[in-house]
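Student: Pasting final-v2.tsv here (TSV, C-alpha atoms):
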chain	number	residue	atom	x	y	z
H	27	MET	CA	-15.29	28.32	-7.12
H	28	GLY	CA	-13.21	27.05	-4.20
H	29	VAL	CA	-10.65	24.25	-4.37
H	30	SER	CA	-8.82	22.70	-1.43
H	31	PHE	CA	-6.67	19.64	-0.77
H	32	HIS	CA	-7.11	17.24	2.15
H	33	PRO	CA	-5.06	14.23	3.32
H	34	ALA	CA	-5.97	10.94	1.63
H	35	GLY	CA	-3.78	8.69	3.79
H	36	HIS	CA	-2.62	6.77	0.71
H	37	ILE	CA	1.10	7.62	0.62
H	38	LEU	CA	3.23	10.63	1.54
H	39	GLY	CA	1.69	13.74	-0.03
H	40	SER	CA	-1.49	12.07	-1.29
H	41	ALA	CA	-4.59	14.24	-1.24
H	42	GLN	CA	-8.31	14.37	-1.87
H	43	ILE	CA	-9.61	17.33	-3.84
H	44	ARG	CA	-12.61	19.30	-2.56
H	45	ILE	CA	-14.38	21.51	-5.10
H	46	GLU	CA	-17.15	23.92	-4.11
H	47	THR	CA	-19.17	25.87	-6.66
H	48	ASN	CA	-22.63	27.40	-6.59
H	49	GLY	CA	-23.22	26.05	-3.11
H	50	GLU	CA	-22.48	22.44	-4.09
H	51	VAL	CA	-19.48	20.45	-2.87
H	52	TRP	CA	-17.74	17.61	-4.71
H	53	VAL	CA	-14.87	15.52	-3.31
H	54	LEU	CA	-12.55	13.46	-5.50
H	55	SER	CA	-10.92	10.93	-3.20
H	56	GLY	CA	-8.21	9.57	-5.47
H	57	ASP	CA	-6.52	6.56	-3.85
H	58	TYR	CA	-7.01	6.52	-0.09
H	59	LYS	CA	-6.87	4.41	3.05
H	60	ARG	CA	-8.16	4.86	6.59
H	61	ALA	CA	-5.55	2.75	8.40
H	62	GLU	CA	-2.86	4.40	10.52
H	63	ASP	CA	0.41	4.77	8.61
H	64	PRO	CA	3.64	6.25	10.07
H	65	THR	CA	4.71	7.56	6.65
H	66	CYS	CA	1.81	9.90	5.79
H	67	ALA	CA	-0.93	12.10	7.21
H	68	GLN	CA	-4.11	10.39	8.38
H	69	PHE	CA	-7.13	10.42	6.06
H	70	GLU	CA	-9.42	13.42	6.63
H	71	THR	CA	-13.16	13.00	6.30
H	72	VAL	CA	-14.60	15.77	4.10
H	73	ARG	CA	-18.36	16.33	3.98
H	74	CYS	CA	-19.79	16.79	0.50
H	75	ASP	CA	-22.81	16.48	-1.78
H	76	THR	CA	-21.11	14.25	-4.38
H	77	PHE	CA	-18.29	11.86	-3.48
H	78	ILE	CA	-16.09	10.15	-6.07
H	79	THR	CA	-14.57	7.08	-4.46
H	80	GLU	CA	-12.13	4.45	-5.61
H	81	SER	CA	-13.03	0.77	-5.08
H	82	THR	CA	-9.80	-1.11	-5.73
H	83	PHE	CA	-10.71	-3.59	-3.02
H	84	GLY	CA	-14.46	-3.07	-3.17
H	85	LEU	CA	-15.51	-6.57	-2.12
H	86	PRO	CA	-16.41	-7.77	1.41
H	87	ILE	CA	-13.56	-10.32	1.43
H	88	TYR	CA	-10.98	-7.54	1.66
H	89	ARG	CA	-10.40	-6.66	5.33
H	90	TRP	CA	-6.99	-5.59	6.58
H	91	ASP	CA	-5.12	-6.24	9.79
H	92	SER	CA	-3.12	-3.28	11.11
H	93	GLY	CA	0.24	-2.34	9.62
H	94	ALA	CA	1.84	-3.07	12.99
H	95	CYS	CA	0.44	-6.61	12.92
H	96	ILE	CA	1.77	-7.24	9.40
H	97	ALA	CA	5.16	-5.79	10.35
H	98	ARG	CA	5.40	-8.33	13.16
H	99	GLU	CA	4.59	-11.11	10.68
H	100	ILE	CA	7.31	-9.85	8.34
H	101	LEU	CA	9.86	-9.71	11.17
H	102	ASP	CA	8.95	-13.24	12.31
H	103	TRP	CA	9.44	-14.50	8.74
H	104	TRP	CA	12.75	-12.64	8.49
H	105	ASN	CA	13.89	-14.20	11.76
H	106	ARG	CA	13.04	-17.69	10.52
H	107	CYS	CA	15.01	-17.05	7.32
H	108	ARG	CA	17.98	-15.87	9.39
H	109	GLN	CA	17.87	-19.01	11.48
H	110	ALA	CA	17.81	-21.12	8.30
H	111	GLY	CA	20.70	-19.14	6.74
H	112	ARG	CA	18.53	-17.77	3.93
H	113	ALA	CA	17.93	-14.26	2.64
H	114	ALA	CA	14.36	-12.94	2.89
H	115	VAL	CA	13.38	-11.30	-0.42
H	116	LEU	CA	10.26	-9.16	-0.03
H	117	TYR	CA	8.67	-7.74	-3.17
H	118	SER	CA	6.94	-4.39	-2.62
H	119	TYR	CA	6.08	-1.33	-4.67
H	120	SER	CA	8.80	1.33	-4.73
H	121	LEU	CA	6.49	4.27	-4.02
H	122	GLY	CA	4.77	4.16	-0.65
H	123	LYS	CA	4.66	0.45	0.15
H	124	ALA	CA	8.39	-0.16	0.68
H	125	GLU	CA	8.67	2.99	2.79
H	126	ARG	CA	5.69	1.97	4.93
H	127	ILE	CA	7.28	-1.42	5.56
H	128	LEU	CA	10.57	0.21	6.57
H	129	ALA	CA	8.75	2.60	8.90
H	130	GLU	CA	6.59	-0.08	10.51
H	131	LEU	CA	9.62	-2.33	11.04
H	132	ALA	CA	11.57	0.58	12.57
H	133	ARG	CA	9.13	0.41	15.50
H	134	ILE	CA	10.20	-3.13	16.41
H	135	THR	CA	13.79	-3.59	15.16
H	136	ASP	CA	16.85	-1.57	14.14
H	137	ARG	CA	18.46	-3.86	11.55
H	138	ASP	CA	19.72	-2.69	8.16
H	139	VAL	CA	17.69	-3.63	5.09
H	140	PHE	CA	19.03	-4.08	1.56
H	141	VAL	CA	16.91	-2.33	-1.09
H	142	HIS	CA	16.69	-2.02	-4.86
H	143	GLU	CA	17.95	1.29	-6.28
H	144	SER	CA	14.41	2.39	-7.27
H	145	ILE	CA	13.33	2.02	-3.64
H	146	GLN	CA	16.43	3.78	-2.32
H	147	CYS	CA	15.62	6.84	-4.45
H	148	VAL	CA	12.13	7.19	-2.96
H	149	VAL	CA	13.38	6.43	0.56
H	150	ALA	CA	15.64	9.48	0.30
H	151	TYR	CA	12.61	11.76	-0.22
H	152	TYR	CA	10.77	10.21	2.71
H	153	ARG	CA	13.79	10.75	4.95
H	154	LYS	CA	13.91	14.42	3.90
H	155	ALA	CA	10.27	14.68	5.00
H	156	GLY	CA	11.29	13.44	8.45
H	157	ILE	CA	9.92	9.91	8.18
H	158	ARG	CA	11.76	7.46	10.44
H	159	MET	CA	12.62	4.18	8.69
H	160	LEU	CA	15.14	1.39	9.08
H	161	PRO	CA	18.66	2.02	7.73
H	162	THR	CA	18.88	0.95	4.08
H	163	ARG	CA	21.73	-0.21	1.86
H	164	LEU	CA	21.72	-0.82	-1.88
H	165	ILE	CA	21.71	-4.41	-3.08
H	166	PRO	CA	25.33	-4.89	-4.16
H	167	GLU	CA	26.04	-5.79	-7.77
H	168	GLU	CA	28.90	-7.97	-6.63
H	169	LEU	CA	29.49	-9.81	-3.40
H	170	PRO	CA	33.25	-10.26	-2.98
H	171	ASP	CA	33.10	-9.90	0.80
H	172	GLN	CA	29.41	-9.66	1.56
H	173	ASP	CA	26.96	-12.41	2.39
H	174	LEU	CA	23.24	-11.68	2.12
H	175	SER	CA	22.12	-14.77	4.00
H	176	GLY	CA	19.85	-13.75	6.84
H	177	GLN	CA	19.26	-10.30	5.34
H	178	LEU	CA	15.94	-8.71	4.38
H	179	ILE	CA	15.93	-7.50	0.77
H	180	LEU	CA	13.22	-5.16	-0.54
H	181	THR	CA	12.78	-5.06	-4.29
H	182	PRO	CA	9.89	-4.05	-6.57
H	183	PRO	CA	7.91	-6.72	-8.42
H	184	GLY	CA	9.16	-7.12	-11.96
H	185	ALA	CA	12.66	-5.86	-11.13
H	186	GLY	CA	14.14	-9.30	-11.51
H	187	VAL	CA	17.06	-10.66	-9.58
H	188	SER	CA	20.24	-8.56	-9.54
H	189	PRO	CA	23.65	-10.13	-10.21
H	190	GLY	CA	24.42	-9.66	-6.54
H	191	MET	CA	21.38	-11.63	-5.45
H	192	LYS	CA	22.24	-14.46	-7.80
H	193	ARG	CA	25.37	-14.94	-5.74
H	194	ALA	CA	23.57	-14.53	-2.43
H	195	GLY	CA	22.83	-18.21	-1.88
H	196	GLU	CA	19.46	-19.56	-0.78
H	197	TYR	CA	16.54	-17.20	-0.23
H	198	GLU	CA	12.78	-17.19	0.29
H	199	THR	CA	10.38	-14.81	-1.45
H	200	ALA	CA	7.29	-12.93	-0.30
H	201	PHE	CA	5.04	-10.21	-1.67
H	202	ALA	CA	3.40	-7.40	0.32
H	203	SER	CA	0.10	-6.35	-1.25
H	204	GLY	CA	-3.62	-6.28	-0.60
H	205	TRP	CA	-3.96	-8.89	-3.33
H	206	MET	CA	-2.25	-11.39	-1.03
H	207	MET	CA	-5.57	-11.73	0.80
H	208	THR	CA	-6.51	-14.50	-1.64
H	209	ARG	CA	-4.71	-17.81	-2.08
H	210	SER	CA	-5.10	-17.67	-5.86
H	211	SER	CA	-3.02	-14.47	-6.02
H	212	ARG	CA	-0.29	-15.98	-3.85
H	213	ARG	CA	-0.17	-19.09	-6.04
H	214	LEU	CA	-0.14	-17.02	-9.24
H	215	GLY	CA	2.99	-15.19	-8.12
H	216	SER	CA	4.70	-18.37	-6.90
H	217	PHE	CA	5.75	-16.63	-3.67
H	218	ASP	CA	6.79	-18.54	-0.57
H	219	ARG	CA	4.79	-16.08	1.55
H	220	GLY	CA	2.20	-13.37	1.09
H	221	PHE	CA	1.70	-10.41	3.43
H	222	THR	CA	-1.62	-8.60	3.14
H	223	LEU	CA	-0.59	-4.96	3.34
H	224	SER	CA	-2.33	-2.36	1.18
H	225	ASP	CA	-2.23	1.40	0.78
H	226	HIS	CA	-5.87	1.34	-0.29
H	227	ALA	CA	-8.99	1.21	1.86
H	228	ASP	CA	-10.47	-2.20	2.59
H	229	TRP	CA	-14.18	-2.93	2.25
H	230	PRO	CA	-15.29	-1.71	5.71
H	231	ALA	CA	-13.26	1.50	5.29
H	232	LEU	CA	-14.77	2.19	1.86
H	233	ILE	CA	-18.30	1.90	3.21
H	234	GLN	CA	-17.42	3.90	6.33
H	235	THR	CA	-15.99	6.71	4.20
H	236	VAL	CA	-19.06	6.92	1.96
H	237	GLN	CA	-21.31	7.11	5.03
H	238	GLU	CA	-19.19	9.72	6.80
H	239	SER	CA	-18.98	11.90	3.69
H	240	GLY	CA	-22.72	12.56	3.96
H	241	ALA	CA	-22.90	12.56	0.17
H	242	ASP	CA	-26.29	12.31	-1.51
H	243	ARG	CA	-24.59	11.02	-4.66
H	244	VAL	CA	-21.64	8.60	-4.92
H	245	LEU	CA	-19.65	7.86	-8.09
H	246	VAL	CA	-17.56	4.69	-7.92
H	247	THR	CA	-14.45	4.10	-10.00
H	248	HIS	CA	-11.29	2.02	-10.23
H	249	GLY	CA	-11.74	-1.56	-9.07
H	250	ASN	CA	-14.70	-3.70	-8.05
H	251	CYS	CA	-17.13	-0.94	-8.95
H	252	LYS	CA	-20.29	-2.91	-9.77
H	253	SER	CA	-20.34	-4.76	-6.47
H	254	MET	CA	-19.88	-1.57	-4.48
H	255	VAL	CA	-22.50	0.33	-6.50
H	256	GLN	CA	-25.02	-2.45	-5.96
H	257	TYR	CA	-24.29	-2.57	-2.22
H	258	LEU	CA	-24.76	1.19	-1.85
H	259	ARG	CA	-27.95	1.26	-3.91
H	260	GLU	CA	-29.47	-1.50	-1.78
H	261	ARG	CA	-28.94	0.83	1.18
H	262	GLY	CA	-30.71	3.75	-0.43
H	263	ILE	CA	-27.65	5.66	-1.66
H	264	ASP	CA	-27.67	7.18	-5.15
H	265	ALA	CA	-24.59	5.36	-6.47
H	266	SER	CA	-23.34	5.04	-10.04
H	267	LEU	CA	-20.37	3.71	-11.94
H	268	LEU	CA	-17.91	6.33	-13.18
H	269	ASP	CA	-15.95	5.13	-16.19
H	270	THR	CA	-12.40	6.45	-16.48
H	271	GLU	CA	-9.56	5.88	-18.90
H	272	THR	CA	-7.09	5.14	-16.11
H	273	PRO	CA	-5.88	1.54	-16.61
H	274	GLY	CA	-5.36	0.98	-12.87
H	275	SER	CA	-3.06	1.77	-10.02
H	276	LEU	CA	0.34	0.14	-9.65
H	277	ASN	CA	0.45	0.75	-5.92
H	278	HIS	CA	-1.84	-1.62	-4.02
Would you write the structure of this file as structure tokens?

Tutor:
Amino acid sequence: MGVSFHPAGHILGSAQIRIETNGEVWVLSGDYKRAEDPTCAQFETVRCDTFITESTFGLPIYRWDSGACIAREILDWWNRCRQAGRAAVLYSYSLGKAERILAELARITDRDVFVHESIQCVVAYYRKAGIRMLPTRLIPEELPDQDLSGQLILTPPGAGVSPGMKRAGEYETAFASGWMMTRSSRRLGSFDRGFTLSDHADWPALIQTVQESGADRVLVTHGNCKSMVQYLRERGIDASLLDTETPGSLNH
């Protein structure tokens, strides 16, 4: 038996697993994306007989713009908040998403960003790996001499508002996630803005990956599985649903 690991393009260090035994090759994709990302290695296509693919965003409505395009949208929003004297509070996942935002923004600005402590911890590991990101500062617990108006603040969803932010004055909120593609998700979160940025493959990338794998058999898990299985079967691919006990990813 031979086992090897190949870049999945999801976040820093993410990998697909290739298993070869008795002349047959299986690839377990894990979470993956095909889009360019300055914080991790590009996805590597691995030919196989059986391919296990995720389908978090396995519906045709999910199609991503580039990370560079979304970064420009975020910077434009930040600039408008600065002009209005408000802080720009951007909710993003602590592992992978926040670091990607900081790296994409570092290509077009050099401003400091205030971050939640859970994000700062992960940022430190990314910096050790040589990833270039914007300078970050912890959200202060108290603001005796510091005004956060006009600042960008990255914090994970569910973290709540720190005592420091409660004294920060007016602010707008936004969420960076693939789920922001739909208006219903934006309304559900009551965000002022939604930025569609995901660390998972969109629909075209999922289909592209299945085709490029050359797999005769495809097992689909995690997400909109039934729709993707049906689509693949209609195109002559032996596709099936793979049930797992994993409740779902927290990093979309």

Student: Excluding Leu121 (chain H) and any residue of its chain fewer than 2 positions from it, enumerate the residues within 9 Å of it, using all atoms listed in the file, and give them as a list in words.

Tutor: Ile37, Ser118, Tyr119, Lys123, Ala124, Glu125, Ser144, Ile145, Val148, Val149 and Asn277 of chain H

Student: Applying 10 Å and all atoms listed in the file, which residues near Ile96 (chain H) remain after dropping the ones on its own chain fewer than 3 positions away? List them as an mmCIF file with C-alpha atoms, keeping the file's coordinate frame.

Tutor:
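Below is the file that was written, out-v4.cif:
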data_model
loop_
_atom_site.group_PDB
_atom_site.id
_atom_site.type_symbol
_atom_site.label_atom_id
_atom_site.label_comp_id
_atom_site.auth_asym_id
_atom_site.auth_seq_id
_atom_site.Cartn_x
_atom_site.Cartn_y
_atom_site.Cartn_z
ATOM 1 C CA TRP H 90 -6.990 -5.590 6.580
ATOM 2 C CA ASP H 91 -5.120 -6.240 9.790
ATOM 3 C CA SER H 92 -3.120 -3.280 11.110
ATOM 4 C CA GLY H 93 0.240 -2.340 9.620
ATOM 5 C CA GLU H 99 4.590 -11.110 10.680
ATOM 6 C CA ILE H 100 7.310 -9.850 8.340
ATOM 7 C CA LEU H 101 9.860 -9.710 11.170
ATOM 8 C CA ASP H 102 8.950 -13.240 12.310
ATOM 9 C CA ILE H 127 7.280 -1.420 5.560
ATOM 10 C CA GLU H 130 6.590 -0.080 10.510
ATOM 11 C CA LEU H 131 9.620 -2.330 11.040
ATOM 12 C CA ALA H 202 3.400 -7.400 0.320
ATOM 13 C CA PHE H 221 1.700 -10.410 3.430
ATOM 14 C CA THR H 222 -1.620 -8.600 3.140
ATOM 15 C CA LEU H 223 -0.590 -4.960 3.340
#

Student: Using all atoms listed in the file, find the one residue out of H:Ser216, H:Thr76, H:Thr135, H:Thr181 that sits nearest to Arg44 (chain H).

Tutor: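 Checking each candidate against Arg44 (chain H), we get H:Thr76 as the closest.
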
Student: Quick check, in Å to one decimal: how far apart do CA of His226 (chain H) and CA of Pro161 (chain H) lie?

Tutor: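 Interatomic distance, CA of His226 (chain H) to CA of Pro161 (chain H): 25.8 Å.
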
Student: I'd like the interatomic distance between CA of Ala113 (chain H) and CA of Thr208 (chain H), to a tenth of an Å.

Tutor: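 Separating CA of Ala113 (chain H) from CA of Thr208 (chain H) is a distance of 24.8 Å.
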
Student: So, with all atoms listed in the file as the atoms that count, which of H:Thr71, H:Ser40, H:Ser266, H:Ser203 lies closest to Glu238 (chain H)?

Tutor: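 For Glu238 (chain H), the nearest of the candidates is H:Thr71.
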
Student: In Å, rounded to a single decimal, give me how far CA of Leu245 (chain H) is from CA of Arg261 (chain H).

Tutor: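 These atoms are spaced 14.9 Å apart.
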
Student: May I have the residues within 12 Å of Asp269 (chain H) as a list in words, using all atoms listed in the file and disregarding those fewer than 4 positions away in the same chain?

Tutor: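 After dropping sequence-adjacent residues, the list is Ile78, Thr79, Glu80, Leu245, Val246, Thr247, His248, Gly249, Cys251, Lys252, Pro273 and Gly274 of chain H.
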
Student: Identify which of the residues H:Asp63, H:Glu50, H:Asp218, H:Asp173 lies closest to Arg158 (chain H), counting all atoms listed in the file when measuring atom-to-atom distances.

Tutor: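 Smallest separation from Arg158 (chain H) among the options: H:Asp63.
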
Student: Which of these residues is nearest to Ala114 (chain H), using all atoms listed in the file: H:Gly195, H:Gly262, H:Pro183, H:Gly176?

Tutor: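 Answer, going by the shortest atom-to-atom distance: H:Gly176.
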
Student: Determine the nearest neighbour of Gln237 (chain H) from the options H:Val115, H:Cys74, H:Cys66, H:Leu54, counting only C-alpha atoms.

Tutor: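 Closest residue, counting only C-alpha atoms: H:Cys74.
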
Student: Taking all atoms listed in the file into account, name the residue in H:Gln177, H:Gln234, H:Ser30, H:Thr65 that is nearest to Tyr151 (chain H).

Tutor: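 Checking each of H:Gln177, H:Gln234, H:Ser30, H:Thr65 against Tyr151 (chain H), counting all atoms listed in the file, the winner is H:Thr65.
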
Student: Identify the residues around (7.5, 5.0, 6.7) within a radius of 6 Å, measuring from only C-alpha atoms in the coordinates stated by the file, and give them as a PDB file with C-alpha atoms, in the frame of the given file.

Tutor:
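The resulting file, point-v7.pdb, is shown below:
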ATOM      1  CA  PRO H  64       3.640   6.250  10.070  1.00  0.00           C
ATOM      2  CA  THR H  65       4.710   7.560   6.650  1.00  0.00           C
ATOM      3  CA  GLU H 125       8.670   2.990   2.790  1.00  0.00           C
ATOM      4  CA  ARG H 126       5.690   1.970   4.930  1.00  0.00           C
ATOM      5  CA  LEU H 128      10.570   0.210   6.570  1.00  0.00           C
ATOM      6  CA  ALA H 129       8.750   2.600   8.900  1.00  0.00           C
ATOM      7  CA  ILE H 157       9.920   9.910   8.180  1.00  0.00           C
ATOM      8  CA  MET H 159      12.620   4.180   8.690  1.00  0.00           C
TER       9      MET H 159
END
